Every structure is written in structure tokens, then in C-alpha cells.
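Data first, discussion second: the structure below is written as C-alpha cells.
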Amino acid sequence: MAVRRLIVLCSVVSAFQRSTYRSFSQQRSLERFRAELTIDEIPIASEVEPLHNYMLIKVASTVDATSGGVLLPEKAKEKPTEGIVVACGPGRIHPDTAFLMKTVIPVGSRVLYGKFDGTPLKYCGEDHQLIRDDDVLLAWQGEETLTIDNATPIRDRVLLKVTKAEDVTTTGIALAPGVAQQQKTSIGQVVKLGEGRLSSTGEVVPMPVEIGQFLKYRDYAGSDIKIGGEDFVCIRIDAALAKWSGA
């Protein structure tokens, strides 16, 4: 009987020691994790939690080379507008109905946003951006690069394939590249559609256009995007002026 009690006591002590060690290890890990948390090199005690309809985006690295492998000089590098969603706020509350319009982009998604949107910050020593979900142009999942197949316009945005301006006049005289660029048309063909804008009561308002139709949109509206070497533009539906079907 005494031996059995000794064995039970030893088992209890051993379990207590293991539990204490795990708790100590978890505490040390938590302390190390917290020690690494910083915003603009200022230590913080908890992870960043976006408010309202803001999202925390980890910014993609600046592209250092062209698709052909030619290195770009520092001044030629484009400002990154791509990133991964790290955290999301709960959503925006409509000012009239108090309806919570939840963020529709899940954590882990890759997103494309405007060059001048959002607020930059250094989070844990890396470049991040705080942007509204309304400022996201396109979203896609996985590690793959952006393609037409995986691109998803957000809410009331439309992805158009740009109709290029003619590089030759009607008399056959070739236009200089700068002139052709200035004559760029504001016409495009719909290739992808968002689900539609949310009403004040949370209902989705259907988009008034269909894939394959052509749109005339306001000059300088939207954001120019290159996908697979081709020119596209992403606009909000209210920037579209007229629609028609192709021949």
C-alpha cells in the first residue's frame, strides 16, 4: 500500500512539474513575442487590431527586375501596391441605419490597391499599410500571381480590358508614342465584375452591366493595371457613362 501511494505521489509531482514547465515555456514565448512587437520602432504590448473597415496589409517587396530579368534602377522602381491582408476590422457602420457593413476580404488574401491609398507604418520592422476595404481594387487567393482567372473586383468595381488608341491616323501617318498615349480612349470591355454595392440595409445592389459588354467611362477614372502584359483599368461602376454590346 505504501509503495502504491509513493508511486501516485511521484506521478502527481511529475505532472505538476511538466505543467509548470509548459506554463513557463509559454510565458517565455509570449514575452519574446511581445518584445518583437513594434510600430514605427516603438515597442507595443499587443498585436495591432484595425478598427472600422480598415485592414492591415503587409506590403509586397518592391519589384527590382522586369519580367525579362533586367534590373531596374532605383528611381525606376514602382511603389508597391500589392500586399497580403494580415488583420481586418469588423466593418463600417452605416451612418443612417447603423447597419454593420462587414469587411468582405478575408485574412490571408492578396490585394491590389491604389498607389496613394492608405497610411504607411512599420509593423514589427516590416512595411505595412492601413487601408479601407473600399480602397481595394482586386483580391485573389493563394501564392499565385494576379491573373484574369483569379482576380476578384471588390463590391462595385469593374475590371475592363482597355481599348487602345490607334497608333496610325486615317491617312496612314504613324503617330509618335507620346501622341498615341494622349489619345488613349476611355472605352473598355468588361472582363470581371464585383458582386455590387451594399445598400444602407445591407442588401447587395446588382451591377447594371454584364461581362462582355463595352463601357464608356469618365476620362482619367479608375486605376491602370497590367495583368499578363495586357492593359486593364479598374473603375467604380458610377464612373461608367454608357454601355453597349459588341458586334
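A note on labels: chains of the C-alpha cells are A, B, ... as shown, every chain counts residues from 1, and ligands are counted from 1 in their shown order.
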Please provide as a tab-separated table (two decimals) with N, CA, C and O atoms, in the first residue's frame all residues within 6 Å of segment 209-220 of chain A, with the sequence filter that same-chain residues fewer than 5 positions apart are discarded (counting only C-alpha atoms).
```tsv
chain	number	residue	atom	x	y	z
A	186	SER	N	-11.22	56.18	-73.44
A	186	SER	CA	-11.80	55.78	-72.17
A	186	SER	C	-12.94	54.80	-72.43
A	186	SER	O	-14.07	54.99	-72.00
A	187	ILE	N	-12.60	53.75	-73.17
A	187	ILE	CA	-13.54	52.68	-73.51
A	187	ILE	C	-12.89	51.35	-73.16
A	187	ILE	O	-11.70	51.15	-73.38
A	188	GLY	N	-13.66	50.46	-72.59
A	188	GLY	CA	-13.12	49.15	-72.25
A	188	GLY	C	-14.20	48.09	-72.25
A	188	GLY	O	-15.40	48.38	-72.18
A	189	GLN	N	-13.76	46.83	-72.33
A	189	GLN	CA	-14.68	45.70	-72.30
A	189	GLN	C	-14.66	45.06	-70.92
A	189	GLN	O	-13.60	44.82	-70.34
A	190	VAL	N	-15.83	44.78	-70.39
A	190	VAL	CA	-15.96	44.21	-69.05
A	190	VAL	C	-15.44	42.76	-69.05
A	190	VAL	O	-15.92	41.93	-69.83
A	191	VAL	N	-14.46	42.48	-68.17
A	191	VAL	CA	-13.94	41.12	-68.06
A	191	VAL	C	-14.22	40.52	-66.68
A	191	VAL	O	-14.31	39.30	-66.54
A	239	ALA	N	-18.54	55.40	-62.33
A	239	ALA	CA	-17.72	56.14	-63.29
A	239	ALA	C	-18.08	55.78	-64.73
A	239	ALA	O	-17.60	56.41	-65.68
A	240	ALA	N	-18.91	54.76	-64.92
A	240	ALA	CA	-19.34	54.36	-66.25
A	240	ALA	C	-20.47	55.25	-66.74
A	240	ALA	O	-21.40	55.58	-65.98
A	241	LEU	N	-20.40	55.67	-67.99
A	241	LEU	CA	-21.37	56.60	-68.57
A	241	LEU	C	-22.40	55.92	-69.48
A	241	LEU	O	-23.55	56.32	-69.54
A	242	ALA	N	-21.95	54.89	-70.21
A	242	ALA	CA	-22.83	54.22	-71.15
A	242	ALA	C	-22.32	52.81	-71.40
A	242	ALA	O	-21.14	52.51	-71.14
A	243	LYS	N	-23.20	51.95	-71.89
A	243	LYS	CA	-22.81	50.56	-72.17
A	243	LYS	C	-23.41	50.12	-73.50
A	243	LYS	O	-24.41	50.68	-73.98
A	244	TRP	N	-22.78	49.13	-74.13
A	244	TRP	CA	-23.31	48.54	-75.36
A	244	TRP	C	-22.68	47.18	-75.57
A	244	TRP	O	-21.67	46.83	-74.95
A	245	SER	N	-23.30	46.40	-76.43
A	245	SER	CA	-22.78	45.07	-76.75
A	245	SER	C	-21.98	45.15	-78.02
A	245	SER	O	-22.28	45.94	-78.93
```
Got a sec: who's within 10 Å of segment 101-116 of chain A, counting only C-alpha atoms, leaving out chain neighbours fewer than 6 positions off, as a compact mmCIF listing (two decimals) with C-alpha atoms, in the first residue's frame?
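Written out: around01.txt:
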```txt
# COMPACT_ATOMS: atom_id res chain seq x y z
CA HIS A 52 -13.93 50.09 -38.54
CA ASN A 53 -13.40 48.89 -42.14
CA TYR A 54 -9.62 49.27 -42.10
CA MET A 55 -7.30 46.42 -42.95
CA LEU A 56 -3.65 45.87 -42.07
CA ILE A 57 -1.73 44.96 -45.23
CA LYS A 58 1.80 43.59 -45.34
CA VAL A 59 3.28 45.36 -48.35
CA ALA A 60 4.87 43.27 -51.09
CA GLU A 78 7.32 51.43 -58.88
CA LYS A 79 5.74 51.96 -55.49
CA PRO A 80 4.31 48.61 -54.33
CA THR A 81 0.53 48.45 -54.45
CA GLU A 82 0.23 44.75 -53.65
CA GLY A 83 0.14 43.05 -50.30
CA ILE A 84 -1.28 40.37 -48.02
CA VAL A 85 -4.12 41.00 -45.58
CA VAL A 86 -2.78 40.49 -42.03
CA ALA A 87 -5.78 41.69 -39.99
CA CYS A 88 -9.22 43.21 -40.60
CA GLY A 89 -11.53 45.50 -38.68
CA PRO A 90 -15.14 44.45 -38.04
CA GLY A 91 -16.53 46.70 -40.77
CA ARG A 92 -18.12 50.10 -41.31
CA ILE A 93 -21.32 51.18 -39.58
CA HIS A 94 -23.73 52.96 -41.92
CA ILE A 131 -6.23 50.88 -45.88
CA ARG A 132 -10.02 50.81 -46.05
CA ASP A 133 -11.64 47.80 -47.66
CA ASP A 134 -13.31 50.27 -50.07
CA ASP A 135 -9.85 51.19 -51.43
CA VAL A 136 -9.04 47.63 -52.52
CA LEU A 137 -9.24 47.23 -56.30
CA LEU A 138 -8.79 43.47 -56.70
CA ALA A 139 -8.30 40.50 -54.39
CA TRP A 140 -7.11 36.94 -55.02
CA GLN A 141 -6.19 33.84 -53.03
CA GLY A 142 -3.06 31.72 -52.73
CA GLU A 143 0.55 32.25 -53.67
CA GLU A 144 -0.16 32.65 -57.37
CA THR A 145 0.41 35.90 -59.20
CA LEU A 146 -2.54 38.01 -60.27
CA ALA A 151 -8.85 38.36 -59.98
CA THR A 152 -11.92 39.38 -57.93
CA PRO A 153 -13.10 43.03 -58.11
CA ILE A 154 -14.37 44.28 -54.76
CA ARG A 155 -18.02 45.32 -54.36
CA LEU A 198 -24.22 47.35 -50.37
CA SER A 199 -27.36 49.35 -49.63
CA SER A 200 -27.94 51.09 -46.29
CA THR A 201 -29.73 47.96 -45.06
CA GLY A 202 -27.01 45.55 -46.17
CA GLU A 203 -28.65 44.31 -49.36
CA GLY A 222 -10.07 54.28 -62.28
CA SER A 223 -6.63 52.72 -61.84
CA ASP A 224 -4.47 51.36 -64.64
CA ILE A 225 -3.37 47.75 -64.12
```
Strand (DSSP E) residues, from DSSP on the backbone, in segment 79-234 of chain A, as number ranges by chain: A: 82-88, 91-93, 100-102, 110-113, 119-123, 126-132, 136-140, 152-153, 157-162, 187-193, 197-198, 204-205, 214-217, 223-227, 230-234
Figure out the distance between atom CA of Ala221 of chain A and atom CA of Val233 of chain A, please, to one decimal in Å.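 It comes out at 8.6 Å.
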One decimal, Å: what's the distance from atom CA of Ile235 of chain A over to atom CA of Lys192 of chain A, could you say? 11.0 Å
Would you pick out the contacts of Pro206 of chain A at 12 Å or less, using only C-alpha atoms, so that residues sharing its chain but fewer than 6 positions from it are not included, and give the list as a PyMOL selection string? chain A and resi 155-157+193-199+237
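Across the structure, atom CA of Pro208 of chain A and atom CA of Cys234 of chain A are spaced 16.0 Å apart.
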Going by DSSP on the backbone, which residues of segment 110-221 of chain A come out as helix (DSSP H, G or I)? List them as a list in words. Asp133, Asp134, Asp135, Pro177, Gly178, Val179, Ala180, Gln181 and Gln182 of chain A
